[in-house]
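Participant: Got a structure for you, questions after.
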Protein chains: 2
Amino acid sequence: MSRSKSDEAQQAKPLSRIQETNRKAILEAALDVFAISGFRGATIDEIATKAGMSKPNLLYYFKSKRAIYQQVLEQTLSDWLAPFAELDPTGDPVEELRRYITAKLKMSEKNPNASKLFANEIIHGAPVIGDFLKTSLKTLVDEKAKVIRYWVGEGKLAPVDPYHLIFMIWATTQHYADFDVQIRAVVGSQAGRPGFADQAAQAVLTIILNGIRPRQ
Amino acid sequence: MSRSKSDEAQQAKPLSRIQETNRKAILEAALDVFAISGFRGATIDEIATKAGMSKPNLLYYFKSKRAIYQQVLEQTLSDWLAPFAELDPTGDPVEELRRYITAKLKMSEKNPNASKLFANEIIHGAPVIGDFLKTSLKTLVDEKAKVIRYWVGEGKLAPVDPYHLIFMIWATTQHYADFDVQIRAVVGSQAGRPGFADQAAQAVLTIILNGIRPRQ
DNA sequence: GTCTATAAGAGGATAGAC
DNA sequence: GTCTATCCTCTTATAGAC
């Protein structure tokens, strides 16, 4: 047992090719299963089967169900926040926000399970990433809220509370992933059609951007 | 066993006072527990304890965990949709939508667990209310979409897709209930303060209503 | 690294006394 | 109506052979 403290943070210890592929297969399967069933509802068995191996074999790679969950959640988080971190204070506000909203909608479309995984974690009280929310995420949001406030001060945006604007963008964009079942139920077969996502993007962008455009 | 087909739909059979109070206590406790833990994560034991009775005693009132879940979900649904059904085609569009959004935000504030219960059900694929979504809810949404489209046609609203506008309102208002843990983590102690909900309401109303107000 | 077998425990549901 | 005791299934996790 010569390895150092943290197991979550993927040591720099050499991984054989087979280890690498298996771990990846497990994490991919786990994302799907956790997203649909939640942490409690997911079973190691289902993840293992989906990843093409037996349950004990999966547990050879991750020591517990929780360990898999943490890994897949952490891996998801950074991807998820990347476009937010890129909001550029020197850019044109409306264009910057358009870019951000578009990127988030795209992510919801391409990887709805990442969004669901995250939603589940939060709804259930954020037992695993609660600390992250209160530290790293808060710092990042505070920073971006300052940027938005600056834009408002410059008269480049209508006077809106930056935090609520951010929440609104998150809510709206993630809704298309998290509630896709409801959306599909309501709009029927349209939801599958190729243009649907673009149509959603256009509507969301129209409303939010008009809503925050400065008026004279 | 002389009772007729459906158990879910609460027969018109007489309930003693003690039955009534106990059933109510169970349903209240169940709402909290299911909302936080999800269906799988919830335990009968926890619901029973919270309702002030033993596990077998609870099962004297509801024959299974699923039966409790269905009941509490159905009961929640009608409350949840009531203000949507009241959107009035003859009223002023912006005022009607303001009233609706305000009502939904109020509900999220007063009863976040109802929102979370619903969110959990949808994220997990709507196993219990899937049919309801495809029938009753779809009908209602189609009807209200027509109303919005009519308003747009009259030039009383900017040209927006009614379905996406509805989704946006749902997403934004429910976000304050479903993701309250994240919101609290990000804004800190402010979230508890009395004015916070009003501030949220104002921001949401400002953006959405400005976003859909007709422009000349 | 992967398997079969199994330990260990949680939780849903029932039996039957009171 | 309510309780204690218990059954039984499902699931996590480990032991140990290959």
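For the structure tokens, the naming scheme is as follows: chains receive sequential letters (A, B, ...) according to their order of presentation, residues are indexed from 1 within each chain, and ligands are indexed from 1 in presentation order.
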Give me, as a tab-separated table, each residue of chain C that comes within 9 Å of chain B, together with its shortest interatomic pair and the distance in Å at one decimal, counting only C-alpha atoms (C1' of nucleotides), with rows ordered by chain and rising residue number.
Facilitator:
residue	atom	partner	partner_atom	distance
C:DG11	C1'	B:Thr43	CA	7.2
C:DG12	C1'	B:Ile44	CA	7.9
C:DA13	C1'	B:Ser64	CA	7.8
C:DT14	C1'	B:Pro56	CA	8.9
Participant: Near chain B, meaning an atom within 9 Å, which residues of chain D appear when counting only C-alpha atoms (C1' of nucleotides)? Write them as JSON, numbers by chain.
Facilitator: {"D": [1, 2, 3]}
Participant: With a distance threshold of 6 Å and counting only C-alpha atoms, extract the residues of chain B near chain A and express them as a PDB file with all heavy atoms, in the first residue's frame.
Facilitator:
ATOM      1  N   ILE B  36     -36.394  14.402  -1.162  1.00  0.00           N
ATOM      2  CA  ILE B  36     -34.966  14.484  -0.878  1.00  0.00           C
ATOM      3  C   ILE B  36     -34.211  13.238  -1.324  1.00  0.00           C
ATOM      4  O   ILE B  36     -33.102  13.314  -1.829  1.00  0.00           O
ATOM      5  CB  ILE B  36     -34.738  14.738   0.628  1.00  0.00           C
ATOM      6  CG1 ILE B  36     -35.245  16.139   0.977  1.00  0.00           C
ATOM      7  CG2 ILE B  36     -33.264  14.608   0.995  1.00  0.00           C
ATOM      8  CD1 ILE B  36     -35.376  16.380   2.454  1.00  0.00           C
ATOM      9  N   SER B  37     -34.832  12.086  -1.165  1.00  0.00           N
ATOM     10  CA  SER B  37     -34.108  10.835  -1.427  1.00  0.00           C
ATOM     11  C   SER B  37     -34.477  10.153  -2.733  1.00  0.00           C
ATOM     12  O   SER B  37     -33.812   9.194  -3.122  1.00  0.00           O
ATOM     13  CB  SER B  37     -34.350   9.863  -0.275  1.00  0.00           C
ATOM     14  OG  SER B  37     -34.012  10.468   0.962  1.00  0.00           O
ATOM     15  N   ARG B  40     -36.245   5.330  -4.947  1.00  0.00           N
ATOM     16  CA  ARG B  40     -35.376   4.256  -4.501  1.00  0.00           C
ATOM     17  C   ARG B  40     -34.725   4.577  -3.171  1.00  0.00           C
ATOM     18  O   ARG B  40     -34.610   3.728  -2.299  1.00  0.00           O
ATOM     19  CB  ARG B  40     -34.267   4.011  -5.525  1.00  0.00           C
ATOM     20  CG  ARG B  40     -34.395   2.877  -6.486  1.00  0.00           C
ATOM     21  CD  ARG B  40     -34.896   1.575  -6.007  1.00  0.00           C
ATOM     22  NE  ARG B  40     -33.931   0.632  -5.439  1.00  0.00           N
ATOM     23  CZ  ARG B  40     -33.056  -0.071  -6.120  1.00  0.00           C
ATOM     24  NH1 ARG B  40     -32.962   0.039  -7.416  1.00  0.00           N
ATOM     25  NH2 ARG B  40     -32.258  -0.913  -5.512  1.00  0.00           N
ATOM     26  N   GLY B  41     -34.267   5.797  -3.032  1.00  0.00           N
ATOM     27  CA  GLY B  41     -33.536   6.186  -1.839  1.00  0.00           C
ATOM     28  C   GLY B  41     -34.380   6.289  -0.582  1.00  0.00           C
ATOM     29  O   GLY B  41     -33.877   6.152   0.532  1.00  0.00           O
ATOM     30  N   ILE B 123     -36.749  13.185 -14.163  1.00  0.00           N
ATOM     31  CA  ILE B 123     -35.361  12.834 -14.475  1.00  0.00           C
ATOM     32  C   ILE B 123     -35.190  11.328 -14.573  1.00  0.00           C
ATOM     33  O   ILE B 123     -34.444  10.832 -15.410  1.00  0.00           O
ATOM     34  CB  ILE B 123     -34.407  13.414 -13.408  1.00  0.00           C
ATOM     35  CG1 ILE B 123     -34.364  14.932 -13.508  1.00  0.00           C
ATOM     36  CG2 ILE B 123     -32.996  12.845 -13.577  1.00  0.00           C
ATOM     37  CD1 ILE B 123     -33.518  15.593 -12.447  1.00  0.00           C
ATOM     38  N   HIS B 124     -35.912  10.612 -13.745  1.00  0.00           N
ATOM     39  CA  HIS B 124     -35.782   9.153 -13.770  1.00  0.00           C
ATOM     40  C   HIS B 124     -36.667   8.512 -14.827  1.00  0.00           C
ATOM     41  O   HIS B 124     -36.924   7.310 -14.782  1.00  0.00           O
ATOM     42  CB  HIS B 124     -36.063   8.582 -12.384  1.00  0.00           C
ATOM     43  CG  HIS B 124     -35.052   9.013 -11.360  1.00  0.00           C
ATOM     44  ND1 HIS B 124     -35.193   8.788 -10.018  1.00  0.00           N
ATOM     45  CD2 HIS B 124     -33.880   9.673 -11.495  1.00  0.00           C
ATOM     46  CE1 HIS B 124     -34.152   9.294  -9.379  1.00  0.00           C
ATOM     47  NE2 HIS B 124     -33.351   9.844 -10.248  1.00  0.00           N
ATOM     48  N   LEU B 133     -48.318  12.726 -18.639  1.00  0.00           N
ATOM     49  CA  LEU B 133     -47.622  13.757 -19.400  1.00  0.00           C
ATOM     50  C   LEU B 133     -48.050  13.741 -20.866  1.00  0.00           C
ATOM     51  O   LEU B 133     -48.287  14.789 -21.473  1.00  0.00           O
ATOM     52  CB  LEU B 133     -46.103  13.554 -19.332  1.00  0.00           C
ATOM     53  CG  LEU B 133     -45.426  13.613 -17.947  1.00  0.00           C
ATOM     54  CD1 LEU B 133     -43.922  13.443 -18.092  1.00  0.00           C
ATOM     55  CD2 LEU B 133     -45.756  14.906 -17.223  1.00  0.00           C
ATOM     56  N   LYS B 134     -48.166  12.542 -21.405  1.00  0.00           N
ATOM     57  CA  LYS B 134     -48.469  12.415 -22.832  1.00  0.00           C
ATOM     58  C   LYS B 134     -49.932  12.689 -23.153  1.00  0.00           C
ATOM     59  O   LYS B 134     -50.289  12.886 -24.319  1.00  0.00           O
ATOM     60  CB  LYS B 134     -48.090  11.012 -23.315  1.00  0.00           C
ATOM     61  CG  LYS B 134     -46.584  10.871 -23.518  1.00  0.00           C
ATOM     62  CD  LYS B 134     -46.227   9.537 -24.163  1.00  0.00           C
ATOM     63  CE  LYS B 134     -45.734   8.566 -23.107  1.00  0.00           C
ATOM     64  NZ  LYS B 134     -45.122   7.340 -23.625  1.00  0.00           N
ATOM     65  N   LYS B 138     -50.102  17.188 -22.089  1.00  0.00           N
ATOM     66  CA  LYS B 138     -49.936  17.623 -23.491  1.00  0.00           C
ATOM     67  C   LYS B 138     -51.158  18.418 -23.961  1.00  0.00           C
ATOM     68  O   LYS B 138     -51.030  19.473 -24.585  1.00  0.00           O
ATOM     69  CB  LYS B 138     -49.716  16.422 -24.402  1.00  0.00           C
ATOM     70  CG  LYS B 138     -49.579  16.825 -25.871  1.00  0.00           C
ATOM     71  CD  LYS B 138     -49.195  15.657 -26.741  1.00  0.00           C
ATOM     72  CE  LYS B 138     -49.294  15.980 -28.239  1.00  0.00           C
ATOM     73  NZ  LYS B 138     -48.814  17.310 -28.626  1.00  0.00           N
ATOM     74  N   MET B 168     -39.395  27.561 -20.704  1.00  0.00           N
ATOM     75  CA  MET B 168     -38.500  28.503 -20.044  1.00  0.00           C
ATOM     76  C   MET B 168     -39.063  28.963 -18.704  1.00  0.00           C
ATOM     77  O   MET B 168     -38.334  29.089 -17.721  1.00  0.00           O
ATOM     78  CB  MET B 168     -38.314  29.700 -20.961  1.00  0.00           C
ATOM     79  CG  MET B 168     -37.298  30.659 -20.444  1.00  0.00           C
ATOM     80  SD  MET B 168     -36.925  31.796 -21.786  1.00  0.00           S
ATOM     81  CE  MET B 168     -35.433  32.476 -21.175  1.00  0.00           C
ATOM     82  N   ALA B 171     -38.753  26.006 -16.321  1.00  0.00           N
ATOM     83  CA  ALA B 171     -37.355  25.794 -15.937  1.00  0.00           C
ATOM     84  C   ALA B 171     -36.917  26.813 -14.892  1.00  0.00           C
ATOM     85  O   ALA B 171     -36.368  26.469 -13.848  1.00  0.00           O
ATOM     86  CB  ALA B 171     -36.458  25.895 -17.165  1.00  0.00           C
ATOM     87  N   THR B 172     -37.183  28.064 -15.190  1.00  0.00           N
ATOM     88  CA  THR B 172     -36.679  29.132 -14.346  1.00  0.00           C
ATOM     89  C   THR B 172     -37.323  29.128 -12.972  1.00  0.00           C
ATOM     90  O   THR B 172     -36.645  29.280 -11.954  1.00  0.00           O
ATOM     91  CB  THR B 172     -36.955  30.489 -15.020  1.00  0.00           C
ATOM     92  OG1 THR B 172     -36.512  30.407 -16.369  1.00  0.00           O
ATOM     93  CG2 THR B 172     -36.227  31.588 -14.300  1.00  0.00           C
ATOM     94  N   HIS B 175     -36.367  25.976 -10.888  1.00  0.00           N
ATOM     95  CA  HIS B 175     -34.942  25.956 -10.540  1.00  0.00           C
ATOM     96  C   HIS B 175     -34.711  26.425  -9.104  1.00  0.00           C
ATOM     97  O   HIS B 175     -33.864  25.879  -8.396  1.00  0.00           O
ATOM     98  CB  HIS B 175     -34.183  26.865 -11.507  1.00  0.00           C
ATOM     99  CG  HIS B 175     -32.691  26.823 -11.351  1.00  0.00           C
ATOM    100  ND1 HIS B 175     -31.911  25.833 -11.894  1.00  0.00           N
ATOM    101  CD2 HIS B 175     -31.830  27.655 -10.701  1.00  0.00           C
ATOM    102  CE1 HIS B 175     -30.639  26.060 -11.592  1.00  0.00           C
ATOM    103  NE2 HIS B 175     -30.558  27.165 -10.875  1.00  0.00           N
ATOM    104  N   ASP B 178     -35.720  23.286  -7.000  1.00  0.00           N
ATOM    105  CA  ASP B 178     -34.945  22.070  -7.224  1.00  0.00           C
ATOM    106  C   ASP B 178     -33.460  22.233  -6.906  1.00  0.00           C
ATOM    107  O   ASP B 178     -32.823  21.330  -6.391  1.00  0.00           O
ATOM    108  CB  ASP B 178     -35.090  21.609  -8.690  1.00  0.00           C
ATOM    109  CG  ASP B 178     -36.543  21.377  -9.071  1.00  0.00           C
ATOM    110  OD1 ASP B 178     -37.375  21.213  -8.164  1.00  0.00           O
ATOM    111  OD2 ASP B 178     -36.848  21.366 -10.282  1.00  0.00           O
ATOM    112  N   ALA B 185     -25.514  27.658  -1.771  1.00  0.00           N
ATOM    113  CA  ALA B 185     -24.059  27.541  -1.724  1.00  0.00           C
ATOM    114  C   ALA B 185     -23.396  28.731  -2.409  1.00  0.00           C
ATOM    115  O   ALA B 185     -22.382  29.240  -1.954  1.00  0.00           O
ATOM    116  CB  ALA B 185     -23.612  26.238  -2.387  1.00  0.00           C
ATOM    117  N   VAL B 186     -24.009  29.186  -3.489  1.00  0.00           N
ATOM    118  CA  VAL B 186     -23.393  30.251  -4.284  1.00  0.00           C
ATOM    119  C   VAL B 186     -23.619  31.645  -3.688  1.00  0.00           C
ATOM    120  O   VAL B 186     -22.701  32.455  -3.620  1.00  0.00           O
ATOM    121  CB  VAL B 186     -23.904  30.206  -5.740  1.00  0.00           C
ATOM    122  CG1 VAL B 186     -23.544  31.480  -6.481  1.00  0.00           C
ATOM    123  CG2 VAL B 186     -23.318  28.991  -6.458  1.00  0.00           C
ATOM    124  N   ILE B 207     -36.496  40.024 -16.868  1.00  0.00           N
ATOM    125  CA  ILE B 207     -35.870  39.458 -18.062  1.00  0.00           C
ATOM    126  C   ILE B 207     -36.896  38.838 -18.999  1.00  0.00           C
ATOM    127  O   ILE B 207     -36.953  39.152 -20.185  1.00  0.00           O
ATOM    128  CB  ILE B 207     -34.791  38.426 -17.683  1.00  0.00           C
ATOM    129  CG1 ILE B 207     -33.677  39.118 -16.890  1.00  0.00           C
ATOM    130  CG2 ILE B 207     -34.212  37.767 -18.938  1.00  0.00           C
ATOM    131  CD1 ILE B 207     -32.642  38.173 -16.329  1.00  0.00           C
ATOM    132  N   ILE B 208     -37.738  37.965 -18.461  1.00  0.00           N
ATOM    133  CA  ILE B 208     -38.682  37.283 -19.354  1.00  0.00           C
ATOM    134  C   ILE B 208     -39.680  38.263 -19.965  1.00  0.00           C
ATOM    135  O   ILE B 208     -39.911  38.260 -21.175  1.00  0.00           O
ATOM    136  CB  ILE B 208     -39.435  36.154 -18.629  1.00  0.00           C
ATOM    137  CG1 ILE B 208     -38.457  35.060 -18.194  1.00  0.00           C
ATOM    138  CG2 ILE B 208     -40.512  35.553 -19.550  1.00  0.00           C
ATOM    139  CD1 ILE B 208     -39.110  33.823 -17.640  1.00  0.00           C
ATOM    140  N   ASN B 210     -39.477  41.519 -20.403  1.00  0.00           N
ATOM    141  CA  ASN B 210     -38.826  42.371 -21.406  1.00  0.00           C
ATOM    142  C   ASN B 210     -38.511  41.578 -22.663  1.00  0.00           C
ATOM    143  O   ASN B 210     -38.601  42.095 -23.776  1.00  0.00           O
ATOM    144  CB  ASN B 210     -37.521  42.954 -20.849  1.00  0.00           C
ATOM    145  CG  ASN B 210     -37.773  44.259 -20.118  1.00  0.00           C
ATOM    146  OD1 ASN B 210     -38.808  44.892 -20.297  1.00  0.00           O
ATOM    147  ND2 ASN B 210     -36.815  44.641 -19.271  1.00  0.00           N
ATOM    148  N   GLY B 211     -38.164  40.315 -22.443  1.00  0.00           N
ATOM    149  CA  GLY B 211     -37.788  39.478 -23.571  1.00  0.00           C
ATOM    150  C   GLY B 211     -38.928  39.199 -24.529  1.00  0.00           C
ATOM    151  O   GLY B 211     -38.696  38.938 -25.705  1.00  0.00           O
TER     152      GLY B 211
END
Participant: Leaving out DA7 in chain C and any residue of its chain fewer than 2 positions from it, which residues lie within 10 Å of it when counting only C-alpha atoms (C1' of nucleotides), given as a list of chain:residue names?
Facilitator: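 Those residues are C:DA5, C:DG9, D:DA13, D:DT14, D:DA15.
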Participant: Next, the residues of the selection above should be written as a short mmCIF file (atom, residue, chain, number, x, y, z; two decimals), in the first residue's frame with N, CA, C and O atoms (P, O5', C5', C4', C3', O3' and C1' of nucleotides).
Facilitator:
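The file below, out-v7.cif, is the result:
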data_model
loop_
_atom_site.label_atom_id
_atom_site.label_comp_id
_atom_site.auth_asym_id
_atom_site.auth_seq_id
_atom_site.Cartn_x
_atom_site.Cartn_y
_atom_site.Cartn_z
P DA C 5 -20.50 -21.25 -8.75
"O5'" DA C 5 -20.13 -20.80 -7.27
"C5'" DA C 5 -18.89 -21.22 -6.68
"C4'" DA C 5 -18.80 -20.66 -5.29
"C3'" DA C 5 -20.13 -20.67 -4.51
"O3'" DA C 5 -19.88 -21.15 -3.19
"C1'" DA C 5 -19.26 -18.48 -4.56
P DG C 9 -22.73 -7.33 9.03
"O5'" DG C 9 -23.85 -6.41 8.38
"C5'" DG C 9 -23.49 -5.59 7.28
"C4'" DG C 9 -24.72 -5.19 6.53
"C3'" DG C 9 -25.91 -4.80 7.41
"O3'" DG C 9 -26.32 -3.52 7.00
"C1'" DG C 9 -26.59 -6.24 5.68
P DA D 13 -19.99 -0.95 -1.94
"O5'" DA D 13 -19.17 -2.25 -1.55
"C5'" DA D 13 -19.29 -2.74 -0.21
"C4'" DA D 13 -18.66 -4.10 -0.12
"C3'" DA D 13 -17.25 -4.20 -0.71
"O3'" DA D 13 -16.33 -4.31 0.37
"C1'" DA D 13 -18.60 -6.13 -1.18
P DT D 14 -14.77 -4.61 0.07
"O5'" DT D 14 -14.69 -6.19 0.24
"C5'" DT D 14 -15.23 -6.77 1.43
"C4'" DT D 14 -15.01 -8.26 1.43
"C3'" DT D 14 -13.58 -8.72 1.15
"O3'" DT D 14 -13.26 -9.72 2.11
"C1'" DT D 14 -15.07 -9.83 -0.29
P DA D 15 -11.75 -10.23 2.19
"O5'" DA D 15 -11.90 -11.80 1.91
"C5'" DA D 15 -13.16 -12.44 2.06
"C4'" DA D 15 -13.01 -13.91 1.71
"C3'" DA D 15 -11.58 -14.42 1.56
"O3'" DA D 15 -11.54 -15.78 1.97
"C1'" DA D 15 -12.67 -14.54 -0.52
#
Participant: Env of Thr76 in chain B: 10 Å cut, atoms = only C-alpha atoms (C1' of nucleotides), seq-sep filter 2 positions within chain, self excluded. Answer as JSON, numbers by chain.
Facilitator: {"B": [31, 70, 71, 72, 73, 74, 78, 79, 80, 81, 113, 114, 115, 117, 118]}
Participant: Extract the full set of helix (DSSP H, G or I) residues from range 55-192 of chain B according to DSSP on the backbone, and format it as a PyMOL selection string.
Facilitator: chain B and resi 55-61+65-85+93-110+112-123+130-153+162-178+180-192
Participant: Just the residues within 8 Å of Lys156 in chain A, please, counting only C-alpha atoms (C1' of nucleotides), with nothing from its chain fewer than 4 positions along; format it as a count of residues only.
Facilitator: 5
Participant: Please indicate the distance in Å from CA of Ala85 in chain A to CA of Gly155 in chain A, rounded to one decimal place.
Facilitator: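 We find that CA of Ala85 in chain A and CA of Gly155 in chain A lie 22.6 Å from each other.
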Participant: Hey, what's within 10 Å of Arg23 in chain A if we count only C-alpha atoms (C1' of nucleotides) and toss same-chain stuff fewer than 5 positions away? As a ChimeraX atom specification, please?
Facilitator: /A:15,17-18,28-29,51,58,61-62,68
Participant: So how far away is CA of Arg66 in chain B from CA of Ala30 in chain B, in Å?
Facilitator: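 Computing it gives 10.9 Å between the two atoms.
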